[in-house]
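Asks: Got a structure for you, questions after.
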Amino acid sequence: MEDLEDALFDDHSSDHDLQRRSFELRKALVRLRRVVLPMREVLNTVLRRDLEIADPAMQPFFQDVYDHVLRASDWTESLRDMVSSILETHISIQGNRMNLVMKKLTSWAAIIAVPTAVTGFFGQNVPFLGFQSTLGLVLSLSMIVGGGVGLYILFRRKEWI
């Protein structure tokens with residue numbers, strides 16, 4: 001269980017390996033629980049004094065085994081909950097990583113959209129400010145460079161890039 005928790009925040013472990021190990025552990029815990037739970041009922045029946053199944057001298061030993069079975073049952077249940085929380089944490093970490101990637105992709109897409117919008121506007125075949133003149137070329141290039149650099153600086157300050 002501790003190895004799984006350590007692998008959860010390890011950058012070098014693969015997601016597939018972590019999921020496989022988590023599900024194997026959970027499956028083993030379910031198998032253990034299937035064995036332990038019926039034992040609780042068997043020992044409860046043996047310990048009933050009105051049925052007199054076991055020798056009264058053996059009652060403390062059966063009670064001790066019954067306590068161990070209860071502890072094992074509780075332990076498997078808590079371990080199963082821990083495995084579930086590890087899987088939920090893993091999913092949360094993956095979601096956070098995806099959000100970071102999406103922020104970076106969105107930032108770069110916005111930076112790339114500036115030249116596309118400017119060249120789309122200045123590429124029209126209708127008269128506008130600076131149409132067919134050096135002023136139009138300088139204006140469009142300055143808008144492309146200024147907008148791109150401005151967005152890059154903005155996104156860098158927000159730590160999106």
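To be explicit about the labels: the chains of the structure tokens are called A, B, and onward in the order shown, and within each one the residues are counted from 1, while ligands get numbers from 1 in the order they are shown.
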Excluding same-chain residues fewer than 3 positions from stretch 88-93 of chain A, what lies within 12 Å of it counting only C-alpha atoms, as a ChimeraX atom specification?
Replies: /A:4-11,13-19,22,81-85,96-100
Asks: Near A:Phe155, counting only C-alpha atoms, which residues have an atom at most 10 Å away, once you skip same-chain residues fewer than 4 positions from it, shown as a list in words?
Replies: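 The contact residues come out as Lys103, Lys104, Thr106, Ser107, Trp108, Ala110, Ile111, Val149, Gly150, Leu151, Glu159, Trp160 and Ile161 of chain A.
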Asks: Which residue out of A:Ile153, A:Leu43, A:Ala57, A:Leu37 has the minimum interatomic distance to A:Ala72 when only C-alpha atoms are used?
Replies: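 Residue with the minimum atom-to-atom distance to A:Ala72: A:Leu37.
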Asks: Running DSSP on the backbone, which parts of stretch 12-160 of chain A land in helix (DSSP H, G or I), as a PyMOL selection string?
Replies: chain A and resi 15-47+56-122+134-157
Asks: Ranking A:Thr119, A:Tyr152, A:Arg40, A:Met58 by minimum distance to A:Leu137 and counting only C-alpha atoms, which one comes first?
Replies: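 Using only C-alpha atoms, A:Leu137 sits closest to A:Thr119.
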Asks: Just the residues within 10 Å of A:Met39, please, counting only C-alpha atoms, with nothing from its chain fewer than 5 positions along; format it as a PyMOL selection string.
Replies: chain A and resi 33-34+44-45+65-66+69-70+73
Asks: I need the chosen residues saved as an mmCIF file, in the first residue's frame, with all heavy atoms.
Replies:
```cif
data_model
loop_
_atom_site.group_PDB
_atom_site.id
_atom_site.type_symbol
_atom_site.label_atom_id
_atom_site.label_comp_id
_atom_site.auth_asym_id
_atom_site.auth_seq_id
_atom_site.Cartn_x
_atom_site.Cartn_y
_atom_site.Cartn_z
ATOM 1 N N ARG A 33 -11.394 -10.768 1.920
ATOM 2 C CA ARG A 33 -12.651 -10.448 2.606
ATOM 3 C C ARG A 33 -13.681 -11.562 2.442
ATOM 4 O O ARG A 33 -14.435 -11.860 3.364
ATOM 5 C CB ARG A 33 -13.192 -9.133 2.048
ATOM 6 C CG ARG A 33 -14.350 -8.578 2.826
ATOM 7 C CD ARG A 33 -14.631 -7.155 2.387
ATOM 8 N NE ARG A 33 -15.663 -6.572 3.196
ATOM 9 C CZ ARG A 33 -16.935 -6.490 2.829
ATOM 10 N NH1 ARG A 33 -17.302 -6.924 1.652
ATOM 11 N NH2 ARG A 33 -17.823 -5.957 3.620
ATOM 12 N N ARG A 34 -13.702 -12.198 1.266
ATOM 13 C CA ARG A 34 -14.628 -13.312 1.034
ATOM 14 C C ARG A 34 -14.320 -14.505 1.938
ATOM 15 O O ARG A 34 -15.210 -15.291 2.256
ATOM 16 C CB ARG A 34 -14.567 -13.756 -0.420
ATOM 17 C CG ARG A 34 -15.275 -12.848 -1.349
ATOM 18 C CD ARG A 34 -15.272 -13.402 -2.758
ATOM 19 N NE ARG A 34 -15.787 -12.422 -3.696
ATOM 20 C CZ ARG A 34 -15.469 -12.372 -4.959
ATOM 21 N NH1 ARG A 34 -14.638 -13.273 -5.467
ATOM 22 N NH2 ARG A 34 -15.974 -11.455 -5.741
ATOM 23 N N ASN A 44 -19.013 -17.112 15.344
ATOM 24 C CA ASN A 44 -20.124 -16.603 16.156
ATOM 25 C C ASN A 44 -21.048 -17.749 16.558
ATOM 26 O O ASN A 44 -21.525 -17.813 17.693
ATOM 27 C CB ASN A 44 -20.879 -15.533 15.374
ATOM 28 C CG ASN A 44 -21.770 -14.702 16.256
ATOM 29 O OD1 ASN A 44 -21.628 -14.698 17.470
ATOM 30 N ND2 ASN A 44 -22.691 -14.003 15.632
ATOM 31 N N THR A 45 -21.286 -18.669 15.632
ATOM 32 C CA THR A 45 -22.130 -19.829 15.940
ATOM 33 C C THR A 45 -21.444 -20.737 16.952
ATOM 34 O O THR A 45 -22.079 -21.242 17.878
ATOM 35 C CB THR A 45 -22.427 -20.622 14.645
ATOM 36 O OG1 THR A 45 -23.029 -19.742 13.710
ATOM 37 C CG2 THR A 45 -23.349 -21.783 14.917
ATOM 38 N N VAL A 65 -9.743 -16.064 18.467
ATOM 39 C CA VAL A 65 -9.782 -16.205 17.010
ATOM 40 C C VAL A 65 -10.870 -15.307 16.424
ATOM 41 O O VAL A 65 -10.670 -14.662 15.383
ATOM 42 C CB VAL A 65 -9.993 -17.683 16.606
ATOM 43 C CG1 VAL A 65 -10.220 -17.807 15.113
ATOM 44 C CG2 VAL A 65 -8.822 -18.529 17.041
ATOM 45 N N TYR A 66 -12.006 -15.229 17.112
ATOM 46 C CA TYR A 66 -13.110 -14.375 16.655
ATOM 47 C C TYR A 66 -12.665 -12.906 16.632
ATOM 48 O O TYR A 66 -12.956 -12.171 15.680
ATOM 49 C CB TYR A 66 -14.319 -14.562 17.564
ATOM 50 C CG TYR A 66 -15.525 -13.759 17.152
ATOM 51 C CD1 TYR A 66 -16.255 -14.092 16.019
ATOM 52 C CD2 TYR A 66 -15.941 -12.663 17.910
ATOM 53 C CE1 TYR A 66 -17.359 -13.360 15.636
ATOM 54 C CE2 TYR A 66 -17.037 -11.920 17.533
ATOM 55 C CZ TYR A 66 -17.745 -12.275 16.397
ATOM 56 O OH TYR A 66 -18.847 -11.540 16.016
ATOM 57 N N VAL A 69 -10.518 -12.391 13.653
ATOM 58 C CA VAL A 69 -11.323 -12.359 12.425
ATOM 59 C C VAL A 69 -11.985 -10.991 12.273
ATOM 60 O O VAL A 69 -12.010 -10.424 11.175
ATOM 61 C CB VAL A 69 -12.366 -13.492 12.418
ATOM 62 C CG1 VAL A 69 -13.421 -13.280 11.345
ATOM 63 C CG2 VAL A 69 -11.690 -14.836 12.235
ATOM 64 N N LEU A 70 -12.503 -10.438 13.372
ATOM 65 C CA LEU A 70 -13.107 -9.099 13.311
ATOM 66 C C LEU A 70 -12.069 -8.052 12.929
ATOM 67 O O LEU A 70 -12.342 -7.177 12.095
ATOM 68 C CB LEU A 70 -13.727 -8.729 14.663
ATOM 69 C CG LEU A 70 -15.034 -9.423 15.031
ATOM 70 C CD1 LEU A 70 -15.495 -8.979 16.413
ATOM 71 C CD2 LEU A 70 -16.100 -9.137 14.007
ATOM 72 N N SER A 73 -11.274 -8.421 9.272
ATOM 73 C CA SER A 73 -12.385 -7.903 8.472
ATOM 74 C C SER A 73 -12.342 -6.379 8.400
ATOM 75 O O SER A 73 -12.482 -5.798 7.322
ATOM 76 C CB SER A 73 -13.706 -8.377 9.084
ATOM 77 O OG SER A 73 -14.785 -7.782 8.446
#
```
Asks: Given the choices A:Val138, A:Leu87, A:Leu25, A:Val145, which gets closest to A:Ile112 if the distance is worked out from only C-alpha atoms?
Replies: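 Between A:Val138, A:Leu87, A:Leu25, A:Val145, the residue approaching A:Ile112 most closely is A:Val145.
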Asks: Can you pull out every residue within 12 Å of A:Ala54, counting only C-alpha atoms, but drop anything in the same chain fewer than 4 positions away, and send it as a PDB file with N, CA and C atoms, in the first residue's frame?
Replies:
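The file below, selection06.pdb, is the result:
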```pdb
ATOM      1  N   VAL A  42     -19.190 -18.284  11.305  1.00  0.00           N
ATOM      2  CA  VAL A  42     -18.902 -19.624  11.823  1.00  0.00           C
ATOM      3  C   VAL A  42     -18.470 -19.543  13.281  1.00  0.00           C
ATOM      4  N   LEU A  43     -17.552 -18.641  13.563  1.00  0.00           N
ATOM      5  CA  LEU A  43     -17.079 -18.507  14.942  1.00  0.00           C
ATOM      6  C   LEU A  43     -18.160 -17.962  15.865  1.00  0.00           C
ATOM      7  N   ASN A  44     -19.013 -17.112  15.344  1.00  0.00           N
ATOM      8  CA  ASN A  44     -20.124 -16.603  16.156  1.00  0.00           C
ATOM      9  C   ASN A  44     -21.048 -17.749  16.558  1.00  0.00           C
ATOM     10  N   THR A  45     -21.286 -18.669  15.632  1.00  0.00           N
ATOM     11  CA  THR A  45     -22.130 -19.829  15.940  1.00  0.00           C
ATOM     12  C   THR A  45     -21.444 -20.737  16.952  1.00  0.00           C
ATOM     13  N   VAL A  46     -20.139 -20.945  16.799  1.00  0.00           N
ATOM     14  CA  VAL A  46     -19.389 -21.799  17.726  1.00  0.00           C
ATOM     15  C   VAL A  46     -19.383 -21.192  19.125  1.00  0.00           C
ATOM     16  N   LEU A  47     -19.337 -19.888  19.226  1.00  0.00           N
ATOM     17  CA  LEU A  47     -19.253 -19.222  20.521  1.00  0.00           C
ATOM     18  C   LEU A  47     -20.592 -19.111  21.254  1.00  0.00           C
ATOM     19  N   ARG A  48     -21.673 -19.409  20.581  1.00  0.00           N
ATOM     20  CA  ARG A  48     -22.974 -19.316  21.254  1.00  0.00           C
ATOM     21  C   ARG A  48     -23.038 -20.351  22.371  1.00  0.00           C
ATOM     22  N   ARG A  49     -23.347 -19.882  23.541  1.00  0.00           N
ATOM     23  CA  ARG A  49     -23.341 -20.755  24.722  1.00  0.00           C
ATOM     24  C   ARG A  49     -24.569 -21.667  24.758  1.00  0.00           C
ATOM     25  N   ASP A  50     -25.665 -21.232  24.158  1.00  0.00           N
ATOM     26  CA  ASP A  50     -26.877 -22.054  24.207  1.00  0.00           C
ATOM     27  C   ASP A  50     -26.776 -23.299  23.322  1.00  0.00           C
ATOM     28  N   MET A  58     -12.432 -24.250  25.862  1.00  0.00           N
ATOM     29  CA  MET A  58     -11.915 -23.740  24.583  1.00  0.00           C
ATOM     30  C   MET A  58     -12.516 -22.389  24.202  1.00  0.00           C
ATOM     31  N   GLN A  59     -13.541 -21.963  24.926  1.00  0.00           N
ATOM     32  CA  GLN A  59     -14.222 -20.704  24.608  1.00  0.00           C
ATOM     33  C   GLN A  59     -13.270 -19.508  24.516  1.00  0.00           C
ATOM     34  N   PRO A  60     -12.318 -19.327  25.429  1.00  0.00           N
ATOM     35  CA  PRO A  60     -11.411 -18.166  25.308  1.00  0.00           C
ATOM     36  C   PRO A  60     -10.569 -18.198  24.032  1.00  0.00           C
ATOM     37  N   PHE A  61     -10.201 -19.398  23.597  1.00  0.00           N
ATOM     38  CA  PHE A  61      -9.401 -19.510  22.386  1.00  0.00           C
ATOM     39  C   PHE A  61     -10.233 -19.154  21.144  1.00  0.00           C
ATOM     40  N   PHE A  62     -11.468 -19.662  21.130  1.00  0.00           N
ATOM     41  CA  PHE A  62     -12.360 -19.312  20.019  1.00  0.00           C
ATOM     42  C   PHE A  62     -12.681 -17.811  20.026  1.00  0.00           C
ATOM     43  N   GLN A  63     -12.819 -17.233  21.219  1.00  0.00           N
ATOM     44  CA  GLN A  63     -13.069 -15.800  21.325  1.00  0.00           C
ATOM     45  C   GLN A  63     -11.878 -15.003  20.781  1.00  0.00           C
TER      46      GLN A  63
END
```
Asks: Would you mind reading off the distance between atom CA of A:Gln94 and atom CA of A:Thr76, one decimal, in Å?
Replies: 27.0 Å
Asks: Find the residue from A:Glu2, A:Asp74, A:Ala113, A:Pro56 that sits nearest to A:Leu32; use only C-alpha atoms when measuring.
Replies: A:Asp74
